[in-house]
$ cat work_30.cif   # mmCIF, C-alpha atoms and all ligand atoms; chains and numbers go by the auth columns
data_target
loop_
_atom_site.group_PDB
_atom_site.id
_atom_site.type_symbol
_atom_site.label_atom_id
_atom_site.label_comp_id
_atom_site.label_asym_id
_atom_site.label_seq_id
_atom_site.Cartn_x
_atom_site.Cartn_y
_atom_site.Cartn_z
_atom_site.B_iso_or_equiv
_atom_site.auth_seq_id
_atom_site.auth_asym_id
ATOM 1 C CA MET A 1 -9.281 16.976 -36.138 0.00 540 A
ATOM 2 C CA LYS A 2 -8.308 16.838 -32.467 0.00 541 A
ATOM 3 C CA LYS A 3 -7.138 13.402 -31.351 0.00 542 A
ATOM 4 C CA GLN A 4 -9.528 11.735 -28.939 0.00 543 A
ATOM 5 C CA PRO A 5 -8.233 10.348 -25.608 0.00 544 A
ATOM 6 C CA ILE A 6 -8.628 6.755 -26.750 0.00 545 A
ATOM 7 C CA PHE A 7 -6.215 3.829 -26.684 0.00 546 A
ATOM 8 C CA VAL A 8 -7.059 1.168 -29.232 0.00 547 A
ATOM 9 C CA ALA A 9 -6.482 -2.285 -27.709 0.00 548 A
ATOM 10 C CA VAL A 10 -4.362 -4.079 -30.297 0.00 549 A
ATOM 11 C CA ASP A 11 -5.411 -7.547 -29.165 0.00 550 A
ATOM 12 C CA THR A 12 -4.021 -9.754 -31.904 0.00 551 A
ATOM 13 C CA ASN A 13 -0.966 -11.929 -32.459 0.00 552 A
ATOM 14 C CA ASN A 14 -0.919 -10.980 -36.127 0.00 553 A
ATOM 15 C CA HIS A 15 1.599 -8.175 -36.592 0.00 554 A
ATOM 16 C CA LYS A 16 0.295 -7.224 -40.039 0.00 555 A
ATOM 17 C CA ARG A 17 -3.193 -6.841 -38.627 0.00 556 A
ATOM 18 C CA ALA A 18 -1.770 -4.737 -35.778 0.00 557 A
ATOM 19 C CA SER A 19 -0.225 -2.351 -38.350 0.00 558 A
ATOM 20 C CA GLU A 20 -3.552 -2.135 -40.193 0.00 559 A
ATOM 21 C CA ILE A 21 -5.411 -1.284 -36.976 0.00 560 A
ATOM 22 C CA ILE A 22 -2.880 1.356 -35.979 0.00 561 A
ATOM 23 C CA ASN A 23 -2.662 2.930 -39.443 0.00 562 A
ATOM 24 C CA ALA A 24 -6.447 3.128 -39.687 0.00 563 A
ATOM 25 C CA THR A 25 -6.865 4.834 -36.332 0.00 564 A
ATOM 26 C CA LYS A 26 -3.701 6.756 -35.447 0.00 565 A
ATOM 27 C CA ASN A 27 -4.857 10.120 -36.778 0.00 566 A
ATOM 28 C CA TYR A 28 -7.912 10.093 -34.557 0.00 567 A
ATOM 29 C CA ILE A 29 -6.687 8.608 -31.311 0.00 568 A
ATOM 30 C CA TYR A 30 -4.080 9.104 -28.627 0.00 569 A
ATOM 31 C CA GLY A 31 -2.420 5.709 -28.498 0.00 570 A
ATOM 32 C CA ALA A 32 -2.180 1.972 -29.020 0.00 571 A
ATOM 33 C CA LYS A 33 -2.368 -0.563 -26.218 0.00 572 A
ATOM 34 C CA PHE A 34 -0.387 -3.769 -26.557 0.00 573 A
ATOM 35 C CA GLY A 35 -1.428 -6.503 -24.172 0.00 574 A
ATOM 36 C CA LEU A 36 -0.355 -10.020 -23.425 0.00 575 A
ATOM 37 C CA GLU A 37 -1.596 -11.544 -26.683 0.00 576 A
ATOM 38 C CA PHE A 38 0.595 -9.263 -28.815 0.00 577 A
ATOM 39 C CA PHE A 39 3.568 -9.130 -26.440 0.00 578 A
ATOM 40 C CA CYS A 40 3.701 -12.932 -26.018 0.00 579 A
ATOM 41 C CA SER A 41 3.401 -13.595 -29.747 0.00 580 A
ATOM 42 C CA LYS A 42 6.533 -14.555 -31.702 0.00 581 A
ATOM 43 C CA GLY A 43 8.612 -11.403 -32.032 0.00 582 A
ATOM 44 C CA GLY A 44 5.982 -9.398 -30.134 0.00 583 A
ATOM 45 C CA ARG A 45 8.414 -7.660 -27.826 0.00 584 A
ATOM 46 C CA GLU A 46 10.501 -6.315 -30.722 0.00 585 A
ATOM 47 C CA ALA A 47 7.384 -5.485 -32.744 0.00 586 A
ATOM 48 C CA VAL A 48 6.116 -3.150 -30.009 0.00 587 A
ATOM 49 C CA LYS A 49 9.277 -1.072 -30.482 0.00 588 A
ATOM 50 C CA LYS A 50 8.541 -0.698 -34.209 0.00 589 A
ATOM 51 C CA PHE A 51 5.345 1.176 -33.381 0.00 590 A
ATOM 52 C CA LYS A 52 7.240 3.809 -31.451 0.00 591 A
ATOM 53 C CA ASN A 53 7.536 7.177 -33.174 0.00 592 A
ATOM 54 C CA LYS A 54 4.491 6.451 -35.336 0.00 593 A
ATOM 55 C CA ASN A 55 2.682 9.401 -33.822 0.00 594 A
ATOM 56 C CA VAL A 56 0.891 7.233 -31.276 0.00 595 A
ATOM 57 C CA LYS A 57 1.541 6.771 -27.579 0.00 596 A
ATOM 58 C CA ILE A 58 2.584 3.249 -26.609 0.00 597 A
ATOM 59 C CA PHE A 59 0.696 1.609 -23.778 0.00 598 A
ATOM 60 C CA LEU A 60 2.140 -1.702 -22.638 0.00 599 A
ATOM 61 C CA ASP A 61 -0.583 -3.558 -20.761 0.00 600 A
ATOM 62 C CA LEU A 62 1.407 -6.288 -19.036 0.00 601 A
ATOM 63 C CA LYS A 63 -0.537 -6.097 -15.757 0.00 602 A
ATOM 64 C CA LEU A 64 2.533 -7.017 -13.730 0.00 603 A
ATOM 65 C CA LYS A 65 1.954 -8.648 -10.353 0.00 604 A
ATOM 66 C CA ASP A 66 4.641 -10.466 -8.375 0.00 605 A
ATOM 67 C CA ILE A 67 6.875 -9.904 -5.367 0.00 606 A
ATOM 68 C CA PRO A 68 8.308 -6.350 -5.287 0.00 607 A
ATOM 69 C CA ASN A 69 11.830 -7.308 -6.371 0.00 608 A
ATOM 70 C CA THR A 70 10.584 -9.248 -9.405 0.00 609 A
ATOM 71 C CA VAL A 71 8.344 -6.410 -10.575 0.00 610 A
ATOM 72 C CA TYR A 72 11.177 -3.906 -10.013 0.00 611 A
ATOM 73 C CA LYS A 73 13.516 -5.992 -12.176 0.00 612 A
ATOM 74 C CA ALA A 74 10.887 -6.666 -14.847 0.00 613 A
ATOM 75 C CA ILE A 75 10.324 -2.929 -15.292 0.00 614 A
ATOM 76 C CA LYS A 76 14.082 -2.328 -15.445 0.00 615 A
ATOM 77 C CA SER A 77 14.188 -4.995 -18.189 0.00 616 A
ATOM 78 C CA LEU A 78 11.697 -2.994 -20.261 0.00 617 A
ATOM 79 C CA ARG A 79 14.153 -0.089 -20.525 0.00 618 A
ATOM 80 C CA ASP A 80 14.724 -0.592 -24.279 0.00 619 A
ATOM 81 C CA ILE A 81 10.990 -0.424 -24.995 0.00 620 A
ATOM 82 C CA SER A 82 10.306 2.596 -22.783 0.00 621 A
ATOM 83 C CA PRO A 83 6.538 2.631 -23.264 0.00 622 A
ATOM 84 C CA ASP A 84 4.577 5.774 -22.451 0.00 623 A
ATOM 85 C CA TYR A 85 2.276 3.769 -20.144 0.00 624 A
ATOM 86 C CA LEU A 86 2.717 0.471 -18.307 0.00 625 A
ATOM 87 C CA THR A 87 0.226 -1.438 -16.137 0.00 626 A
ATOM 88 C CA ILE A 88 0.747 -3.255 -12.867 0.00 627 A
ATOM 89 C CA HIS A 89 -1.911 -4.819 -10.612 0.00 628 A
ATOM 90 C CA ALA A 90 -2.773 -2.658 -7.596 0.00 629 A
ATOM 91 C CA SER A 91 -3.588 -5.888 -5.734 0.00 630 A
ATOM 92 C CA GLY A 92 0.166 -6.632 -5.719 0.00 631 A
ATOM 93 C CA GLY A 93 0.195 -4.314 -2.702 0.00 632 A
ATOM 94 C CA LEU A 94 1.868 -1.131 -1.537 0.00 633 A
ATOM 95 C CA GLU A 95 5.448 -2.427 -1.509 0.00 634 A
ATOM 96 C CA MET A 96 5.108 -3.872 -5.007 0.00 635 A
ATOM 97 C CA MET A 97 3.714 -0.598 -6.336 0.00 636 A
ATOM 98 C CA LYS A 98 6.511 1.361 -4.641 0.00 637 A
ATOM 99 C CA ALA A 99 9.064 -0.974 -6.261 0.00 638 A
ATOM 100 C CA ALA A 100 7.415 -0.394 -9.660 0.00 639 A
ATOM 101 C CA LYS A 101 7.543 3.367 -9.147 0.00 640 A
ATOM 102 C CA LYS A 102 11.207 3.165 -8.137 0.00 641 A
ATOM 103 C CA ALA A 103 12.079 1.182 -11.279 0.00 642 A
ATOM 104 C CA GLN A 104 10.169 3.698 -13.405 0.00 643 A
ATOM 105 C CA SER A 105 11.959 6.690 -11.894 0.00 644 A
ATOM 106 C CA GLU A 106 15.333 4.995 -12.396 0.00 645 A
ATOM 107 C CA THR A 107 14.732 3.959 -16.005 0.00 646 A
ATOM 108 C CA ASN A 108 12.271 6.294 -17.685 0.00 647 A
ATOM 109 C CA LYS A 109 10.974 9.376 -15.931 0.00 648 A
ATOM 110 C CA LYS A 110 8.424 9.991 -18.694 0.00 649 A
ATOM 111 C CA MET A 111 6.776 6.562 -18.475 0.00 650 A
ATOM 112 C CA LYS A 112 3.541 6.510 -16.511 0.00 651 A
ATOM 113 C CA ILE A 113 2.600 3.584 -14.326 0.00 652 A
ATOM 114 C CA LEU A 114 -1.082 2.668 -14.167 0.00 653 A
ATOM 115 C CA ALA A 115 -2.474 0.467 -11.410 0.00 654 A
ATOM 116 C CA VAL A 116 -5.209 -1.927 -12.518 0.00 655 A
ATOM 117 C CA THR A 117 -7.872 -2.209 -9.820 0.00 656 A
ATOM 118 C CA ILE A 118 -10.617 -4.787 -10.426 0.00 657 A
ATOM 119 C CA LEU A 119 -10.829 -6.188 -13.949 0.00 658 A
ATOM 120 C CA THR A 120 -13.883 -4.982 -15.864 0.00 659 A
ATOM 121 C CA SER A 121 -14.772 -8.617 -16.556 0.00 660 A
ATOM 122 C CA LEU A 122 -15.489 -9.274 -12.855 0.00 661 A
ATOM 123 C CA THR A 123 -18.645 -8.757 -10.792 0.00 662 A
ATOM 124 C CA ASN A 124 -19.392 -8.676 -7.048 0.00 663 A
ATOM 125 C CA LYS A 125 -20.413 -12.331 -7.388 0.00 664 A
ATOM 126 C CA ASP A 126 -16.959 -13.220 -8.736 0.00 665 A
ATOM 127 C CA LEU A 127 -15.252 -11.429 -5.827 0.00 666 A
ATOM 128 C CA LYS A 128 -17.496 -13.275 -3.378 0.00 667 A
ATOM 129 C CA GLN A 129 -16.510 -16.580 -4.959 0.00 668 A
ATOM 130 C CA MET A 130 -12.871 -15.655 -4.316 0.00 669 A
ATOM 131 C CA GLY A 131 -13.598 -14.917 -0.657 0.00 670 A
ATOM 132 C CA SER A 132 -14.150 -11.155 -0.615 0.00 671 A
ATOM 133 C CA ASN A 133 -17.447 -9.659 0.491 0.00 672 A
ATOM 134 C CA THR A 134 -16.240 -6.100 -0.139 0.00 673 A
ATOM 135 C CA PRO A 135 -18.299 -4.465 -2.915 0.00 674 A
ATOM 136 C CA ILE A 136 -16.318 -3.631 -6.065 0.00 675 A
ATOM 137 C CA GLN A 137 -16.796 0.132 -5.591 0.00 676 A
ATOM 138 C CA THR A 138 -15.208 0.010 -2.113 0.00 677 A
ATOM 139 C CA GLN A 139 -12.465 -2.360 -3.201 0.00 678 A
ATOM 140 C CA VAL A 140 -11.509 -0.118 -6.156 0.00 679 A
ATOM 141 C CA GLN A 141 -11.405 2.901 -3.842 0.00 680 A
ATOM 142 C CA LYS A 142 -9.111 1.055 -1.392 0.00 681 A
ATOM 143 C CA LEU A 143 -6.804 -0.045 -4.187 0.00 682 A
ATOM 144 C CA ALA A 144 -6.686 3.527 -5.509 0.00 683 A
ATOM 145 C CA GLN A 145 -5.819 4.814 -2.025 0.00 684 A
ATOM 146 C CA THR A 146 -2.948 2.321 -1.862 0.00 685 A
ATOM 147 C CA ALA A 147 -1.784 3.363 -5.346 0.00 686 A
ATOM 148 C CA ARG A 148 -1.795 6.994 -4.239 0.00 687 A
ATOM 149 C CA LEU A 149 0.457 6.131 -1.288 0.00 688 A
ATOM 150 C CA ALA A 150 2.892 4.571 -3.765 0.00 689 A
ATOM 151 C CA LYS A 151 2.703 7.745 -5.928 0.00 690 A
ATOM 152 C CA ILE A 152 1.385 5.807 -8.933 0.00 691 A
ATOM 153 C CA HIS A 153 0.372 8.054 -11.872 0.00 692 A
ATOM 154 C CA GLY A 154 -2.966 6.573 -12.764 0.00 693 A
ATOM 155 C CA ILE A 155 -5.678 4.011 -12.239 0.00 694 A
ATOM 156 C CA VAL A 156 -7.407 1.516 -14.523 0.00 695 A
ATOM 157 C CA CYS A 157 -11.011 0.922 -13.466 0.00 696 A
ATOM 158 C CA SER A 158 -14.440 0.565 -15.010 0.00 697 A
ATOM 159 C CA ALA A 159 -16.504 3.674 -15.698 0.00 698 A
ATOM 160 C CA HIS A 160 -18.716 2.738 -12.747 0.00 699 A
ATOM 161 C CA GLU A 161 -15.899 3.482 -10.273 0.00 700 A
ATOM 162 C CA ILE A 162 -14.590 6.758 -11.758 0.00 701 A
ATOM 163 C CA THR A 163 -16.346 8.893 -9.143 0.00 702 A
ATOM 164 C CA LYS A 164 -14.830 6.866 -6.288 0.00 703 A
ATOM 165 C CA VAL A 165 -11.332 7.089 -7.792 0.00 704 A
ATOM 166 C CA LYS A 166 -11.628 10.857 -8.282 0.00 705 A
ATOM 167 C CA LYS A 167 -12.432 11.165 -4.559 0.00 706 A
ATOM 168 C CA VAL A 168 -9.066 9.556 -3.764 0.00 707 A
ATOM 169 C CA SER A 169 -7.052 11.961 -5.928 0.00 708 A
ATOM 170 C CA LYS A 170 -7.873 14.568 -8.527 0.00 709 A
ATOM 171 C CA ASN A 171 -4.406 14.090 -10.023 0.00 710 A
ATOM 172 C CA PHE A 172 -4.832 10.496 -11.151 0.00 711 A
ATOM 173 C CA GLU A 173 -5.071 9.693 -14.820 0.00 712 A
ATOM 174 C CA ILE A 174 -8.152 7.469 -15.036 0.00 713 A
ATOM 175 C CA VAL A 175 -7.974 4.934 -17.839 0.00 714 A
ATOM 176 C CA VAL A 176 -11.229 3.124 -18.514 0.00 715 A
ATOM 177 C CA PRO A 177 -11.747 -0.135 -20.457 0.00 716 A
ATOM 178 C CA GLY A 178 -15.109 -1.870 -20.823 0.00 717 A
ATOM 179 C CA ILE A 179 -16.312 0.762 -23.283 0.00 718 A
ATOM 180 C CA ARG A 180 -19.073 -0.209 -25.686 0.00 719 A
ATOM 181 C CA ILE A 181 -20.907 1.660 -28.414 0.00 720 A
ATOM 182 C CA SER A 182 -22.876 -1.455 -29.282 0.00 721 A
ATOM 183 C CA ASN A 183 -24.725 -3.806 -26.957 0.00 722 A
ATOM 184 C CA LYS A 184 -22.197 -6.603 -27.546 0.00 723 A
ATOM 185 C CA VAL A 185 -20.606 -6.809 -24.110 0.00 724 A
ATOM 186 C CA GLN A 186 -18.781 -10.135 -24.752 0.00 725 A
ATOM 187 C CA ASP A 187 -16.737 -11.088 -21.648 0.00 726 A
ATOM 188 C CA GLN A 188 -16.911 -7.594 -20.160 0.00 727 A
ATOM 189 C CA LYS A 189 -19.383 -7.021 -17.314 0.00 728 A
ATOM 190 C CA ARG A 190 -19.015 -3.426 -16.080 0.00 729 A
ATOM 191 C CA VAL A 191 -19.462 -1.527 -19.353 0.00 730 A
ATOM 192 C CA MET A 192 -20.433 2.024 -20.377 0.00 731 A
ATOM 193 C CA SER A 193 -20.653 4.206 -23.476 0.00 732 A
ATOM 194 C CA PRO A 194 -17.596 6.346 -24.357 0.00 733 A
ATOM 195 C CA LYS A 195 -19.457 9.639 -24.035 0.00 734 A
ATOM 196 C CA GLN A 196 -20.783 8.815 -20.583 0.00 735 A
ATOM 197 C CA ALA A 197 -17.395 7.561 -19.330 0.00 736 A
ATOM 198 C CA LEU A 198 -15.685 10.797 -20.415 0.00 737 A
ATOM 199 C CA LYS A 199 -18.450 12.832 -18.818 0.00 738 A
ATOM 200 C CA LEU A 200 -17.849 11.038 -15.516 0.00 739 A
ATOM 201 C CA GLY A 201 -14.170 11.999 -15.649 0.00 740 A
ATOM 202 C CA ALA A 202 -12.247 9.268 -17.476 0.00 741 A
ATOM 203 C CA THR A 203 -9.042 10.826 -18.807 0.00 742 A
ATOM 204 C CA HIS A 204 -8.567 8.022 -21.364 0.00 743 A
ATOM 205 C CA LEU A 205 -10.693 5.208 -22.754 0.00 744 A
ATOM 206 C CA VAL A 206 -9.515 1.769 -23.855 0.00 745 A
ATOM 207 C CA ILE A 207 -11.497 0.381 -26.760 0.00 746 A
ATOM 208 C CA GLY A 208 -10.744 -2.984 -28.302 0.00 747 A
ATOM 209 C CA ARG A 209 -13.221 -5.081 -30.212 0.00 748 A
ATOM 210 C CA ASP A 210 -15.623 -2.230 -31.066 0.00 749 A
ATOM 211 C CA ILE A 211 -12.743 -0.867 -33.206 0.00 750 A
ATOM 212 C CA THR A 212 -10.740 -3.940 -34.146 0.00 751 A
ATOM 213 C CA LYS A 213 -13.446 -6.427 -35.197 0.00 752 A
ATOM 214 C CA GLY A 214 -14.188 -5.908 -38.882 0.00 753 A
ATOM 215 C CA ASN A 215 -13.071 -2.707 -40.561 0.00 754 A
ATOM 216 C CA PRO A 216 -11.179 -0.468 -38.097 0.00 755 A
ATOM 217 C CA LYS A 217 -11.515 2.602 -40.367 0.00 756 A
ATOM 218 C CA THR A 218 -15.324 2.330 -40.415 0.00 757 A
ATOM 219 C CA ASN A 219 -15.446 1.397 -36.733 0.00 758 A
ATOM 220 C CA ILE A 220 -13.354 4.320 -35.517 0.00 759 A
ATOM 221 C CA LYS A 221 -15.747 6.686 -37.312 0.00 760 A
ATOM 222 C CA LYS A 222 -18.638 5.076 -35.394 0.00 761 A
ATOM 223 C CA VAL A 223 -16.771 5.572 -32.131 0.00 762 A
ATOM 224 C CA LEU A 224 -16.053 9.219 -32.980 0.00 763 A
ATOM 225 C CA ASN A 225 -19.734 9.730 -33.792 0.00 764 A
ATOM 226 C CA ALA A 226 -20.683 8.225 -30.446 0.00 765 A
ATOM 227 C CA LEU A 227 -18.652 10.969 -28.764 0.00 766 A
ATOM 228 C CA ILE A 228 -20.665 13.828 -30.297 0.00 767 A
HETATM 229 O O1 LIG B . -12.376 -5.549 -26.621 0.00 801 B
HETATM 230 P P1 LIG B . -12.497 -4.732 -25.398 0.00 801 B
HETATM 231 O O2 LIG B . -12.909 -3.289 -25.660 0.00 801 B
HETATM 232 O O3 LIG B . -13.320 -5.386 -24.319 0.00 801 B
HETATM 233 O O4 LIG B . -10.990 -4.646 -24.854 0.00 801 B
HETATM 234 C C1 LIG B . -10.663 -4.187 -23.617 0.00 801 B
HETATM 235 C C2 LIG B . -9.177 -4.194 -23.434 0.00 801 B
HETATM 236 O O5 LIG B . -8.903 -3.601 -22.174 0.00 801 B
HETATM 237 C C3 LIG B . -8.514 -5.555 -23.436 0.00 801 B
HETATM 238 O O6 LIG B . -7.252 -5.395 -24.086 0.00 801 B
HETATM 239 C C4 LIG B . -8.291 -5.880 -21.983 0.00 801 B
HETATM 240 O O7 LIG B . -7.113 -6.620 -21.752 0.00 801 B
HETATM 241 C C5 LIG B . -8.141 -4.484 -21.373 0.00 801 B
HETATM 242 N N1 LIG B . -8.480 -4.330 -19.968 0.00 801 B
HETATM 243 C C6 LIG B . -9.744 -4.621 -19.474 0.00 801 B
HETATM 244 N N2 LIG B . -10.015 -4.478 -18.143 0.00 801 B
HETATM 245 C C7 LIG B . -9.075 -4.023 -17.308 0.00 801 B
HETATM 246 C C8 LIG B . -7.821 -3.685 -17.816 0.00 801 B
HETATM 247 C C9 LIG B . -7.560 -3.841 -19.175 0.00 801 B
HETATM 248 O O8 LIG B . -10.627 -5.007 -20.232 0.00 801 B
HETATM 249 N N3 LIG B . -9.355 -3.828 -16.036 0.00 801 B
#
$ encode --input "work_30.cif" --output "structure tokens" --more "lines below"
Ligand code: C5P
Amino acid sequence: MKKQPIFVAVDTNNHKRASEIINATKNYIYGAKFGLEFFCSKGGREAVKKFKNKNVKIFLDLKLKDIPNTVYKAIKSLRDISPDYLTIHASGGLEMMKAAKKAQSETNKKMKILAVTILTSLTNKDLKQMGSNTPIQTQVQKLAQTARLAKIHGIVCSAHEITKVKKVSKNFEIVVPGIRISNKVQDQKRVMSPKQALKLGATHLVIGRDITKGNPKTNIKKVLNALI
């Protein structure tokens, strides 16, 4: 069976559970995404390395955002992990994204940097509360334009902004979280089904709880069925 362009979000601090999730899904999906919960857990950094060469791509979702020099040095410090994908926040600005790209090209030419636009847990109301009246769609497009100037490889956005991001560049990888096969949206706000997100042009989907809550082997089958 062809692997589907899905990253399973391994959001746990339990390394045994992480192995179970990856073993249950790795034959069907493209990669595993390790975020802050796993990375910050005891021994998390070293544990990420153990999942390399397990026939899954490694996506390190650290969402880096700081002054350019700090982000540059942080990425240089990840040299021993050399993930296939790494996230930074596009809102860190052009110079920060350029610094991230420079660190990537100096340490690991194969690693792809993804710029996170507006978190899928936020709404226009949330942005307004933080002082921005720009609608999310416009804001994501602006952030994608800035990422393109910095020659960033890809964008993380919700499925609702895929069309806008594609207008900025056809070459971007478009990685889309906030994917739901059930109607349990939890803390996510801008959600969509996997089939619809791929149809709109997502190159990869990020799916967490719909796979990891309960039995990942049964859940991945449900996700695969939802793609038919
Ligand atoms: O469980 P769920 O499918 O909502 O998991 C989504 C995953 O995608 C989480 O690991 C979360 O950190 C990540 N993510 C997101 N929104 C972004 C970027 C990453 O939900 N904009």
$ closest_residue --input "work_30.cif" --among "A:Ala586, A:Ile701, A:Leu653, A:Val695" --to "ligand LIG 801 (chain B)" --atoms "all atoms listed in the file"
A:Val695
$ axis_aligned_box --input "work_30.cif" --around "ligand LIG 801 (chain B)" --padding-each-side "3 Å" --output "AutoDock Vina command-line options"
--center_x -10.2 --center_y -5.0 --center_z -21.3 --size_x 12.2 --size_y 9.3 --size_z 16.6
$ residues_around --input "work_30.cif" --residues "Gln680 in chain A" --least-positions-apart "2" --cutoff "10 Å" --atoms "all atoms listed in the file" --output "MDAnalysis selection string"
chainID A and resid 656 675:678 682:686 696 700:707
$ residues_around --input "work_30.cif" --residues "Asp749 in chain A" --least-positions-apart "4" --cutoff "10 Å" --atoms "only C-alpha atoms" --output "PyMOL selection string"
chain A and resi 547-548+718-721+723-724+753-755+758-759+761-762
$ closest_atom_pairs --input "work_30.cif" --of "chain A" --to "ligand LIG 801 (chain B)" --cutoff "8 Å" --atoms "all atoms listed in the file" --output "JSON lines"
{"residue": "A:Ala548", "atom": "CA", "partner": "B:LIG801", "partner_atom": "O6", "distance": 4.8}
{"residue": "A:Val549", "atom": "CA", "partner": "B:LIG801", "partner_atom": "O6", "distance": 7.0}
{"residue": "A:Asp550", "atom": "CA", "partner": "B:LIG801", "partner_atom": "O6", "distance": 5.8}
{"residue": "A:Lys572", "atom": "CA", "partner": "B:LIG801", "partner_atom": "O6", "distance": 7.2}
{"residue": "A:Phe573", "atom": "CA", "partner": "B:LIG801", "partner_atom": "O6", "distance": 7.5}
{"residue": "A:Gly574", "atom": "CA", "partner": "B:LIG801", "partner_atom": "O6", "distance": 5.9}
{"residue": "A:Leu575", "atom": "CA", "partner": "B:LIG801", "partner_atom": "O7", "distance": 7.7}
{"residue": "A:Asp600", "atom": "CA", "partner": "B:LIG801", "partner_atom": "C9", "distance": 7.2}
{"residue": "A:Lys602", "atom": "CA", "partner": "B:LIG801", "partner_atom": "C8", "distance": 7.9}
{"residue": "A:Val655", "atom": "CA", "partner": "B:LIG801", "partner_atom": "N3", "distance": 5.8}
{"residue": "A:Thr656", "atom": "CA", "partner": "B:LIG801", "partner_atom": "N3", "distance": 6.6}
{"residue": "A:Ile657", "atom": "CA", "partner": "B:LIG801", "partner_atom": "N3", "distance": 5.8}
{"residue": "A:Leu658", "atom": "CA", "partner": "B:LIG801", "partner_atom": "N3", "distance": 3.5}
{"residue": "A:Thr659", "atom": "CA", "partner": "B:LIG801", "partner_atom": "N2", "distance": 4.5}
{"residue": "A:Ser660", "atom": "CA", "partner": "B:LIG801", "partner_atom": "N2", "distance": 6.5}
{"residue": "A:Val695", "atom": "CA", "partner": "B:LIG801", "partner_atom": "N3", "distance": 5.9}
{"residue": "A:Cys696", "atom": "CA", "partner": "B:LIG801", "partner_atom": "N3", "distance": 5.6}
{"residue": "A:Ser697", "atom": "CA", "partner": "B:LIG801", "partner_atom": "N3", "distance": 6.8}
{"residue": "A:Val715", "atom": "CA", "partner": "B:LIG801", "partner_atom": "C7", "distance": 7.6}
{"residue": "A:Pro716", "atom": "CA", "partner": "B:LIG801", "partner_atom": "O5", "distance": 4.8}
{"residue": "A:Gly717", "atom": "CA", "partner": "B:LIG801", "partner_atom": "O3", "distance": 5.3}
{"residue": "A:Ile718", "atom": "CA", "partner": "B:LIG801", "partner_atom": "O2", "distance": 5.8}
{"residue": "A:Arg719", "atom": "CA", "partner": "B:LIG801", "partner_atom": "O2", "distance": 6.9}
{"residue": "A:Val724", "atom": "CA", "partner": "B:LIG801", "partner_atom": "O3", "distance": 7.4}
{"residue": "A:Gln725", "atom": "CA", "partner": "B:LIG801", "partner_atom": "O3", "distance": 7.3}
{"residue": "A:Asp726", "atom": "CA", "partner": "B:LIG801", "partner_atom": "O3", "distance": 7.2}
{"residue": "A:Gln727", "atom": "CA", "partner": "B:LIG801", "partner_atom": "O3", "distance": 5.9}
{"residue": "A:Val745", "atom": "CA", "partner": "B:LIG801", "partner_atom": "O5", "distance": 5.7}
{"residue": "A:Ile746", "atom": "CA", "partner": "B:LIG801", "partner_atom": "O2", "distance": 4.1}
{"residue": "A:Gly747", "atom": "CA", "partner": "B:LIG801", "partner_atom": "O2", "distance": 3.4}
{"residue": "A:Arg748", "atom": "CA", "partner": "B:LIG801", "partner_atom": "O1", "distance": 3.7}
{"residue": "A:Asp749", "atom": "CA", "partner": "B:LIG801", "partner_atom": "O2", "distance": 6.1}
{"residue": "A:Ile750", "atom": "CA", "partner": "B:LIG801", "partner_atom": "O2", "distance": 7.9}
{"residue": "A:Thr751", "atom": "CA", "partner": "B:LIG801", "partner_atom": "O1", "distance": 7.9}
$ build_atoms --input "work_30.cif" --residues "range 629-639 of chain A" --atoms "N, CA and C atoms" --output "mmCIF file, keeping the file's coordinate frame"
data_model
loop_
_atom_site.group_PDB
_atom_site.id
_atom_site.type_symbol
_atom_site.label_atom_id
_atom_site.label_comp_id
_atom_site.auth_asym_id
_atom_site.auth_seq_id
_atom_site.Cartn_x
_atom_site.Cartn_y
_atom_site.Cartn_z
ATOM 1 N N ALA A 629 -2.769 -3.302 -8.918
ATOM 2 C CA ALA A 629 -2.773 -2.658 -7.596
ATOM 3 C C ALA A 629 -2.831 -3.703 -6.481
ATOM 4 N N SER A 630 -3.457 -4.853 -6.769
ATOM 5 C CA SER A 630 -3.588 -5.888 -5.734
ATOM 6 C C SER A 630 -2.248 -6.539 -5.391
ATOM 7 N N GLY A 631 -1.184 -6.178 -6.090
ATOM 8 C CA GLY A 631 0.166 -6.632 -5.719
ATOM 9 C C GLY A 631 0.610 -5.987 -4.415
ATOM 10 N N GLY A 632 -0.084 -4.920 -4.007
ATOM 11 C CA GLY A 632 0.195 -4.314 -2.702
ATOM 12 C C GLY A 632 1.080 -3.084 -2.762
ATOM 13 N N LEU A 633 1.135 -2.398 -1.622
ATOM 14 C CA LEU A 633 1.868 -1.131 -1.537
ATOM 15 C C LEU A 633 3.350 -1.281 -1.884
ATOM 16 N N GLU A 634 4.001 -2.279 -1.283
ATOM 17 C CA GLU A 634 5.448 -2.427 -1.509
ATOM 18 C C GLU A 634 5.750 -2.742 -2.972
ATOM 19 N N MET A 635 4.890 -3.559 -3.596
ATOM 20 C CA MET A 635 5.108 -3.872 -5.007
ATOM 21 C C MET A 635 4.945 -2.623 -5.869
ATOM 22 N N MET A 636 3.930 -1.818 -5.537
ATOM 23 C CA MET A 636 3.714 -0.598 -6.336
ATOM 24 C C MET A 636 4.854 0.399 -6.137
ATOM 25 N N LYS A 637 5.366 0.476 -4.894
ATOM 26 C CA LYS A 637 6.511 1.361 -4.641
ATOM 27 C C LYS A 637 7.741 0.902 -5.441
ATOM 28 N N ALA A 638 7.922 -0.427 -5.505
ATOM 29 C CA ALA A 638 9.064 -0.974 -6.261
ATOM 30 C C ALA A 638 8.918 -0.647 -7.751
ATOM 31 N N ALA A 639 7.666 -0.717 -8.243
ATOM 32 C CA ALA A 639 7.415 -0.394 -9.660
ATOM 33 C C ALA A 639 7.733 1.076 -9.917
#
